[in-house]
$ cat run22.tsv   # TSV, C-alpha atoms
chain	number	residue	atom	x	y	z
H	1	MET	CA	13.71	-0.49	-64.81
H	2	LYS	CA	11.40	2.49	-64.44
H	3	ASP	CA	7.64	2.51	-63.91
H	4	ILE	CA	5.07	4.74	-65.62
H	5	LEU	CA	5.99	7.65	-63.33
H	6	GLY	CA	9.57	7.41	-64.39
H	7	MET	CA	10.88	6.30	-61.00
H	8	SER	CA	13.08	3.29	-60.39
H	9	ASN	CA	12.44	0.61	-57.76
H	10	MET	CA	15.20	2.15	-55.64
H	11	GLN	CA	13.48	5.54	-55.74
H	12	TRP	CA	10.16	3.97	-54.75
H	13	LYS	CA	11.80	2.22	-51.80
H	14	GLY	CA	13.37	5.48	-50.73
H	15	MET	CA	10.02	7.28	-50.85
H	16	ILE	CA	8.36	4.51	-48.86
H	17	ALA	CA	11.11	4.62	-46.21
H	18	VAL	CA	10.83	8.43	-45.92
H	19	SER	CA	7.02	8.15	-45.65
H	20	VAL	CA	7.28	5.57	-42.88
H	21	LEU	CA	9.72	7.78	-40.97
H	22	LEU	CA	7.45	10.81	-41.37
H	23	ILE	CA	4.42	8.82	-40.18
H	24	ALA	CA	6.40	7.47	-37.22
H	25	ALA	CA	7.63	10.95	-36.32
H	26	GLY	CA	4.10	12.30	-36.63
H	27	SER	CA	2.79	9.43	-34.51
H	28	GLN	CA	5.37	10.14	-31.80
H	29	LYS	CA	4.43	13.82	-31.86
H	30	VAL	CA	0.74	12.93	-31.53
H	31	GLN	CA	1.52	10.56	-28.66
H	32	SER	CA	3.64	13.24	-26.98
H	33	ASN	CA	0.85	15.80	-27.36
H	34	LEU	CA	-1.71	13.34	-26.00
H	35	LEU	CA	0.52	12.57	-23.02
H	36	GLN	CA	1.04	16.25	-22.30
H	37	ALA	CA	-2.70	16.87	-22.57
H	38	ALA	CA	-3.43	13.94	-20.23
H	39	LEU	CA	-0.89	15.16	-17.66
H	40	ALA	CA	-2.30	18.69	-17.90
H	41	TRP	CA	-5.83	17.36	-17.33
H	42	ILE	CA	-4.72	15.27	-14.35
H	43	GLY	CA	-2.86	18.25	-12.88
H	44	SER	CA	-5.90	20.48	-13.38
H	45	PHE	CA	-8.17	17.88	-11.78
H	46	PHE	CA	-6.02	17.56	-8.66
H	47	GLU	CA	-5.60	21.32	-8.39
H	48	SER	CA	-9.37	21.82	-8.42
H	49	LEU	CA	-9.76	18.97	-5.92
H	50	TRP	CA	-7.13	20.55	-3.68
H	51	LEU	CA	-8.81	23.97	-3.84
H	52	LYS	CA	-12.11	22.34	-2.92
H	53	THR	CA	-10.41	20.59	0.01
H	54	LEU	CA	-8.99	23.91	1.22
H	55	SER	CA	-12.45	25.48	1.03
H	56	ILE	CA	-13.91	22.66	3.16
H	57	PHE	CA	-11.19	22.32	5.79
H	58	GLY	CA	-9.79	25.84	5.78
H	59	THR	CA	-6.13	26.76	5.74
H	60	THR	CA	-5.17	26.70	9.41
H	61	GLN	CA	-2.40	24.41	10.58
H	62	PHE	CA	-4.85	22.49	12.77
H	63	ALA	CA	-7.19	21.90	9.84
H	64	MET	CA	-4.36	20.77	7.56
H	65	TYR	CA	-2.20	18.75	9.95
H	66	TYR	CA	-4.87	17.16	12.08
H	67	GLN	CA	-8.36	17.17	10.61
H	68	LEU	CA	-7.35	16.55	7.00
H	69	PHE	CA	-4.74	13.89	7.79
H	70	LEU	CA	-7.15	11.96	10.01
H	71	THR	CA	-9.95	12.21	7.45
H	72	VAL	CA	-7.70	10.73	4.75
H	73	TYR	CA	-6.49	8.03	7.14
H	74	PHE	CA	-9.92	6.88	8.35
H	75	LEU	CA	-11.44	6.89	4.85
H	76	CYS	CA	-8.56	4.82	3.46
H	77	TYR	CA	-8.72	2.42	6.40
H	78	TRP	CA	-12.44	1.81	6.77
H	79	ILE	CA	-13.75	1.91	3.18
H	80	PRO	CA	-11.55	-0.95	1.89
H	81	SER	CA	-11.79	-2.78	5.24
H	82	CYS	CA	-15.59	-2.81	4.98
H	83	PHE	CA	-15.35	-4.06	1.39
H	84	TYR	CA	-13.16	-6.97	2.49
H	85	LEU	CA	-15.41	-7.61	5.51
H	86	VAL	CA	-18.38	-8.21	3.20
H	87	LEU	CA	-16.34	-10.87	1.38
H	88	ASP	CA	-15.12	-12.43	4.63
H	89	LEU	CA	-18.51	-12.54	6.34
H	90	THR	CA	-20.59	-13.75	3.39
H	91	GLY	CA	-18.06	-15.76	1.40
H	92	LYS	CA	-19.59	-14.12	-1.66
H	93	PRO	CA	-19.31	-13.35	-4.49
H	94	LEU	CA	-17.30	-16.40	-5.46
H	95	ALA	CA	-15.81	-14.41	-8.34
H	96	LEU	CA	-13.83	-12.48	-5.69
H	97	THR	CA	-13.57	-14.86	-2.72
H	98	LYS	CA	-11.84	-17.45	-4.91
H	99	TYR	CA	-8.73	-15.25	-4.60
H	100	LYS	CA	-8.48	-15.91	-0.85
H	101	ILE	CA	-4.90	-16.90	0.05
H	102	GLN	CA	-5.64	-19.20	3.00
H	103	THR	CA	-8.80	-20.92	1.86
H	104	ASP	CA	-9.08	-23.03	5.01
H	105	ARG	CA	-9.28	-20.11	7.46
H	106	ASN	CA	-11.76	-17.28	8.05
H	107	GLN	CA	-13.93	-18.26	5.12
H	108	PRO	CA	-16.46	-17.27	6.13
H	109	LEU	CA	-15.35	-15.14	9.09
H	110	SER	CA	-17.32	-15.86	12.28
H	111	LYS	CA	-19.16	-13.02	14.00
H	112	GLU	CA	-17.36	-13.89	17.23
H	113	ASP	CA	-13.96	-13.34	15.60
H	114	LEU	CA	-15.18	-10.11	14.05
H	115	TRP	CA	-16.31	-8.69	17.40
H	116	LYS	CA	-13.07	-9.85	18.98
H	117	CYS	CA	-11.21	-7.90	16.31
H	118	LEU	CA	-13.34	-4.75	16.54
H	119	ARG	CA	-12.97	-4.60	20.35
H	120	VAL	CA	-9.25	-4.00	19.78
H	121	VAL	CA	-9.34	-2.09	16.50
H	122	ILE	CA	-11.87	0.61	17.48
H	123	PRO	CA	-9.93	1.72	20.60
H	124	ASN	CA	-6.77	1.74	18.47
H	125	ASN	CA	-8.51	4.06	16.01
H	126	VAL	CA	-9.17	6.42	18.90
H	127	LEU	CA	-5.50	6.07	19.86
H	128	VAL	CA	-4.50	7.10	16.33
H	129	ALA	CA	-6.50	10.31	16.71
H	130	LEU	CA	-4.92	10.99	20.12
H	131	VAL	CA	-1.31	10.32	19.05
H	132	VAL	CA	-1.63	12.44	15.90
H	133	PHE	CA	-3.03	15.25	18.10
H	134	LEU	CA	-0.03	14.96	20.43
H	135	TYR	CA	2.26	14.90	17.37
H	136	PHE	CA	0.59	18.08	16.04
H	137	PRO	CA	3.30	20.43	17.50
H	138	VAL	CA	5.94	18.52	15.50
H	139	PHE	CA	3.98	19.13	12.30
H	140	CYS	CA	3.78	22.82	13.22
H	141	TRP	CA	7.50	22.95	14.01
H	142	ARG	CA	8.35	21.46	10.61
H	143	ASP	CA	5.87	23.89	9.01
H	144	LEU	CA	4.78	21.59	6.18
H	145	PRO	CA	3.73	23.79	3.25
H	146	PHE	CA	0.04	23.78	2.33
H	147	THR	CA	-0.06	26.38	-0.41
H	148	GLU	CA	-2.73	26.45	-3.10
H	149	GLN	CA	-0.01	25.64	-5.62
H	150	LEU	CA	0.59	21.91	-5.71
H	151	PRO	CA	4.11	20.48	-5.99
H	152	ASN	CA	5.11	19.58	-9.53
H	153	LEU	CA	5.16	15.94	-10.56
H	154	LEU	CA	8.92	15.57	-10.07
H	155	ASN	CA	8.80	16.95	-6.51
H	156	LEU	CA	5.75	14.84	-5.70
H	157	VAL	CA	7.46	11.63	-6.83
H	158	ALA	CA	10.74	12.53	-5.10
H	159	GLN	CA	8.98	13.29	-1.79
H	160	LEU	CA	6.92	10.10	-1.95
H	161	LEU	CA	10.03	8.07	-2.75
H	162	GLY	CA	11.75	9.58	0.30
H	163	CYS	CA	8.77	8.60	2.47
H	164	VAL	CA	8.76	5.05	1.08
H	165	VAL	CA	12.46	4.57	1.86
H	166	LEU	CA	12.25	6.03	5.37
H	167	GLU	CA	9.08	4.13	6.28
H	168	GLU	CA	10.47	0.83	5.00
H	169	ILE	CA	13.61	1.26	7.12
H	170	MET	CA	11.69	2.27	10.24
H	171	PHE	CA	9.03	-0.39	9.81
H	172	TYR	CA	11.50	-3.21	9.24
H	173	TYR	CA	13.71	-2.50	12.25
H	174	VAL	CA	10.91	-1.61	14.67
H	175	HIS	CA	8.96	-4.67	13.54
H	176	ARG	CA	12.00	-6.90	13.94
H	177	LEU	CA	12.64	-5.38	17.38
H	178	LEU	CA	9.13	-6.42	18.40
H	179	HIS	CA	10.07	-10.03	17.61
H	180	ILE	CA	12.64	-10.10	20.43
H	181	PRO	CA	11.15	-12.81	22.72
H	182	PHE	CA	10.29	-10.46	25.62
H	183	LEU	CA	8.66	-7.82	23.38
H	184	TYR	CA	6.94	-10.46	21.28
H	185	LYS	CA	5.44	-12.15	24.32
H	186	HIS	CA	4.16	-8.96	25.94
H	187	ILE	CA	3.37	-6.78	22.90
H	188	HIS	CA	3.58	-8.18	19.38
H	189	LYS	CA	1.96	-11.54	20.08
H	190	VAL	CA	-1.42	-9.78	20.11
H	191	HIS	CA	-1.12	-8.94	16.42
H	192	HIS	CA	-0.09	-12.51	15.59
H	193	GLU	CA	-3.27	-13.95	17.07
H	194	TRP	CA	-4.46	-13.64	13.47
H	195	LYS	CA	-2.67	-16.45	11.63
H	196	ALA	CA	-4.86	-15.67	8.65
H	197	PRO	CA	-5.19	-11.87	8.82
H	198	ILE	CA	-8.19	-9.93	7.56
H	199	ALA	CA	-8.09	-6.35	6.33
H	200	VAL	CA	-9.56	-4.76	9.45
H	201	SER	CA	-7.04	-6.64	11.63
H	202	ALA	CA	-4.29	-4.34	10.35
H	203	LEU	CA	-4.87	-2.34	13.56
H	204	TYR	CA	-5.39	-5.39	15.76
H	205	ALA	CA	-2.37	-4.78	18.00
H	206	HIS	CA	-1.16	-3.91	21.46
H	207	PRO	CA	-1.49	-0.11	22.01
H	208	LEU	CA	2.30	0.31	22.17
H	209	GLU	CA	2.68	-1.46	18.84
H	210	ASP	CA	-0.09	0.65	17.39
H	211	ILE	CA	1.87	3.78	18.33
H	212	MET	CA	5.30	2.51	17.27
H	213	VAL	CA	4.44	0.68	14.04
H	214	ASN	CA	1.08	1.86	12.76
H	215	ILE	CA	1.33	5.57	13.55
H	216	LEU	CA	4.84	6.92	14.08
H	217	THR	CA	6.52	5.10	11.19
H	218	VAL	CA	3.93	6.68	8.89
H	219	VAL	CA	3.88	10.28	10.17
H	220	ILE	CA	7.61	10.66	10.85
H	221	ALA	CA	8.60	10.07	7.20
H	222	PRO	CA	6.79	13.10	5.66
H	223	THR	CA	7.89	15.19	8.63
H	224	ILE	CA	11.56	14.46	7.90
H	225	VAL	CA	11.14	14.94	4.14
H	226	ARG	CA	9.01	18.05	4.86
H	227	CYS	CA	6.43	17.16	2.27
H	228	HIS	CA	3.76	19.47	1.00
H	229	VAL	CA	0.50	18.72	2.82
H	230	PHE	CA	-1.02	17.38	-0.41
H	231	THR	CA	1.91	14.98	-0.80
H	232	THR	CA	1.53	13.96	2.84
H	233	CYS	CA	-2.14	13.16	2.21
H	234	VAL	CA	-1.16	11.03	-0.80
H	235	TRP	CA	1.47	9.31	1.36
H	236	ILE	CA	-0.97	8.60	4.23
H	237	ALA	CA	-3.46	7.19	1.71
H	238	MET	CA	-0.78	4.99	0.10
H	239	ALA	CA	0.56	3.70	3.43
H	240	THR	CA	-2.91	2.99	4.85
H	241	LEU	CA	-4.23	1.27	1.72
H	242	ASN	CA	-1.04	-0.79	1.55
H	243	THR	CA	-1.27	-2.08	5.12
H	244	VAL	CA	-4.99	-2.85	4.77
H	245	HIS	CA	-4.35	-4.78	1.56
H	246	ALA	CA	-1.31	-6.56	3.05
H	247	HIS	CA	-3.58	-7.91	5.82
H	248	SER	CA	-6.57	-8.58	3.56
H	249	GLY	CA	-5.79	-12.23	2.87
H	250	TYR	CA	-6.72	-11.79	-0.80
H	251	HIS	CA	-4.39	-11.86	-3.80
H	252	PHE	CA	-6.37	-10.26	-6.60
H	253	PRO	CA	-5.21	-10.08	-10.23
H	254	GLY	CA	-3.56	-6.81	-11.17
H	255	MET	CA	-2.95	-5.84	-7.54
H	256	PRO	CA	0.22	-5.91	-5.39
H	257	SER	CA	0.88	-9.24	-3.75
H	258	PRO	CA	0.15	-9.64	-0.01
H	259	GLU	CA	1.71	-13.13	-0.01
H	260	SER	CA	4.86	-12.22	1.95
H	261	HIS	CA	3.07	-10.52	4.84
H	262	ASP	CA	0.44	-13.26	4.90
H	263	TYR	CA	3.33	-15.74	5.17
H	264	HIS	CA	4.76	-13.69	8.05
H	265	HIS	CA	1.54	-14.11	10.01
H	266	VAL	CA	1.80	-17.89	9.65
H	267	TYR	CA	5.52	-18.42	10.22
H	268	ILE	CA	6.25	-15.36	12.42
H	269	ASN	CA	10.04	-15.03	11.93
H	270	GLN	CA	10.06	-14.40	8.18
H	271	CYS	CA	9.38	-11.33	6.00
H	272	TYR	CA	9.52	-8.42	8.46
H	273	GLY	CA	9.41	-5.71	5.81
H	274	PHE	CA	6.96	-4.88	3.05
H	275	SER	CA	9.23	-4.48	0.03
H	276	GLY	CA	11.46	-7.47	0.82
H	277	ILE	CA	14.70	-5.55	0.18
H	278	LEU	CA	15.84	-5.45	3.82
H	279	ASP	CA	14.64	-9.02	4.35
H	280	HIS	CA	16.89	-10.07	1.48
H	281	LEU	CA	19.86	-8.09	2.85
H	282	HIS	CA	19.46	-9.54	6.36
H	283	GLY	CA	18.51	-13.05	5.26
H	284	THR	CA	15.14	-12.92	7.01
H	285	ASN	CA	13.24	-14.34	4.05
H	286	MET	CA	15.26	-17.50	3.34
H	287	LYS	CA	12.47	-19.92	4.30
H	288	PHE	CA	9.97	-17.79	2.41
H	289	ALA	CA	12.20	-17.89	-0.68
H	290	LYS	CA	11.89	-21.69	-0.69
H	291	SER	CA	8.12	-21.68	-0.38
H	292	VAL	CA	5.39	-21.79	-3.00
H	293	GLN	CA	4.16	-18.45	-1.61
H	294	SER	CA	7.42	-16.88	-2.80
H	295	GLN	CA	6.65	-17.97	-6.37
H	296	ARG	CA	3.17	-16.51	-6.02
H	297	ASN	CA	4.51	-13.23	-4.61
H	298	LYS	CA	3.99	-11.18	-7.77
H	299	VAL	CA	1.39	-9.26	-9.70
H	300	PHE	CA	-0.55	-11.56	-12.04
H	301	TYR	CA	-3.22	-10.84	-14.63
H	302	SER	CA	-5.21	-14.05	-14.98
H	303	LEU	CA	-8.77	-14.56	-13.74
H	304	THR	CA	-7.60	-17.93	-12.42
H	305	PRO	CA	-6.42	-17.64	-8.76
H	306	ILE	CA	-2.65	-17.68	-8.50
H	307	ARG	CA	-2.74	-20.63	-6.06
H	308	LYS	CA	-4.13	-22.63	-8.99
H	309	LEU	CA	-1.73	-21.13	-11.52
H	310	ILE	CA	1.18	-22.02	-9.22
H	311	PRO	CA	0.01	-25.04	-7.19
H	312	ALA	CA	1.99	-26.61	-4.35
H	313	GLU	CA	2.61	-29.72	-6.45
H	314	ASN	CA	5.48	-28.03	-8.29
H	315	GLY	CA	7.82	-28.92	-5.45
H	316	ARG	CA	7.71	-25.84	-3.29
H	317	LYS	CA	6.68	-25.89	0.36
H	318	GLN	CA	3.00	-25.21	1.05
H	319	ARG	CA	1.77	-24.00	4.40
$ encode --input "run22.tsv" --output "structure tokens"
Amino acid sequence: MKDILGMSNMQWKGMIAVSVLLIAAGSQKVQSNLLQAALAWIGSFFESLWLKTLSIFGTTQFAMYYQLFLTVYFLCYWIPSCFYLVLDLTGKPLALTKYKIQTDRNQPLSKEDLWKCLRVVIPNNVLVALVVFLYFPVFCWRDLPFTEQLPNLLNLVAQLLGCVVLEEIMFYYVHRLLHIPFLYKHIHKVHHEWKAPIAVSALYAHPLEDIMVNILTVVIAPTIVRCHVFTTCVWIAMATLNTVHAHSGYHFPGMPSPESHDYHHVYINQCYGFSGILDHLHGTNMKFAKSVQSQRNKVFYSLTPIRKLIPAENGRKQR
């Protein structure tokens, strides 16, 4: 049967199907154009930021390899650490402090414990500056590129991925080495004085551990990969922010989980790495895997704290 336009139902269905396909194709093209425009804008933004950075620091090797790297490191260490310190010292606002992992410890943080922490952390910050200065000839030898032209997105991701893999391997095995009884007793035990770590305690460590774990595992990776200086800055920022957050003691919605490293500070011989891959391969997370913290070790998106979303009553071990 035909309608007033002389077209059958089959023809109408065909036209509708073609229209839907055209709209979908047009929508995909619009989305593709929007994505390209967004990537172009992001690239342009970072290029202008990089040019500004070069105008401030200059383009000498010393400015790039020492001054710029340390500036990125200290900003990424102290700005978030101070944010977390406000929460730890005041216990406010409750809208944020309710995400504390160990609610029975360091809430609020005593001034005595804070000063105890800073007396170790501040000298270790000075040590960071000294070790990076002594490492400066290695940067020069590797001749990390610091051209005005930034690496393309593919190279940036590939270099960062290389750094992540190398750092995870170095961190895991050096960290596990420090748990040998003799080294633990004389070196690593200092770091484990914090059963409930706070963000600024990420550098609370014996000087030798500070050099081996907190500095060399971070700077060696981009040296081996021979990253562009911009990529190295991104890497240093990522690594520093990650270790500060891992020690923060807070599991916020939408953010990576610090549950495994927090668990390590309590039980000592579990969860030596950050990603958990090497722990799984070596069986150094078996107790953790049976704990309630393992179930909570994920990104969540509820305003309700994850310790309430996944309470200990569901049969898993609670610390």
$ residues_around --input "run22.tsv" --residues "Gly58 of chain H" --least-positions-apart "6" --cutoff "12 Å" --atoms "only C-alpha atoms" --output "list of chain:residue names"
H:Trp50, H:Leu51, H:Lys52, H:Met64, H:Tyr65, H:Tyr66, H:Gln67, H:Leu68, H:Phe146, H:Thr147, H:Glu148
$ closest_residue --input "run22.tsv" --among "H:Ile56, H:Met238, H:Ile198, H:Ala246" --to "Ser81 of chain H" --atoms "all atoms listed in the file"
H:Ile198
$ residues_around --input "run22.tsv" --residues "Val121 of chain H" --least-positions-apart "5" --cutoff "9 Å" --atoms "only C-alpha atoms" --output "JSON, numbers by chain"
{"H": [116, 126, 200, 201, 202, 203, 204, 205]}
$ atom_distance --input "run22.tsv" --atom1 "atom CA of Thr231 of chain H" --atom2 "atom CA of Cys163 of chain H"
9.9 Å
$ closest_residue --input "run22.tsv" --among "H:Phe57, H:Trp78, H:Asn106, H:Leu278" --to "Gly91 of chain H" --atoms "all atoms listed in the file"
H:Asn106
$ residues_near_point --input "run22.tsv" --point "(5.1, 8.9, -3.4)" --cutoff "9 Å" --atoms "only C-alpha atoms" --output "PDB file with C-alpha atoms, in the coordinates of the input"
ATOM      1  CA  LEU H 156       5.750  14.840  -5.700  1.00  0.00           C
ATOM      2  CA  VAL H 157       7.460  11.630  -6.830  1.00  0.00           C
ATOM      3  CA  ALA H 158      10.740  12.530  -5.100  1.00  0.00           C
ATOM      4  CA  GLN H 159       8.980  13.290  -1.790  1.00  0.00           C
ATOM      5  CA  LEU H 160       6.920  10.100  -1.950  1.00  0.00           C
ATOM      6  CA  LEU H 161      10.030   8.070  -2.750  1.00  0.00           C
ATOM      7  CA  GLY H 162      11.750   9.580   0.300  1.00  0.00           C
ATOM      8  CA  CYS H 163       8.770   8.600   2.470  1.00  0.00           C
ATOM      9  CA  VAL H 164       8.760   5.050   1.080  1.00  0.00           C
ATOM     10  CA  THR H 231       1.910  14.980  -0.800  1.00  0.00           C
ATOM     11  CA  THR H 232       1.530  13.960   2.840  1.00  0.00           C
ATOM     12  CA  VAL H 234      -1.160  11.030  -0.800  1.00  0.00           C
ATOM     13  CA  TRP H 235       1.470   9.310   1.360  1.00  0.00           C
ATOM     14  CA  MET H 238      -0.780   4.990   0.100  1.00  0.00           C
TER      15      MET H 238
END
$ closest_residue --input "run22.tsv" --among "H:Val128, H:His280, H:Asp88, H:Tyr77" --to "Leu114 of chain H" --atoms "all atoms listed in the file"
H:Asp88
$ closest_residue --input "run22.tsv" --among "H:Thr304, H:Arg105, H:Cys140, H:Lys287" --to "Thr60 of chain H" --atoms "only C-alpha atoms"
H:Cys140
$ residues_around --input "run22.tsv" --residues "Asn297 of chain H" --least-positions-apart "6" --cutoff "9 Å" --atoms "all atoms listed in the file" --output "mmCIF file with C-alpha atoms, in the frame of the given file"
data_model
loop_
_atom_site.group_PDB
_atom_site.id
_atom_site.type_symbol
_atom_site.label_atom_id
_atom_site.label_comp_id
_atom_site.auth_asym_id
_atom_site.auth_seq_id
_atom_site.Cartn_x
_atom_site.Cartn_y
_atom_site.Cartn_z
ATOM 1 C CA PRO H 256 0.220 -5.910 -5.390
ATOM 2 C CA SER H 257 0.880 -9.240 -3.750
ATOM 3 C CA PRO H 258 0.150 -9.640 -0.010
ATOM 4 C CA GLU H 259 1.710 -13.130 -0.010
ATOM 5 C CA SER H 260 4.860 -12.220 1.950
#
$ closest_residue --input "run22.tsv" --among "H:Leu49, H:Ile180, H:Val219, H:Leu134" --to "Leu150 of chain H" --atoms "only C-alpha atoms"
H:Leu49
$ atom_distance --input "run22.tsv" --atom1 "atom CA of Arg296 of chain H" --atom2 "atom CA of Thr284 of chain H"
18.1 Å
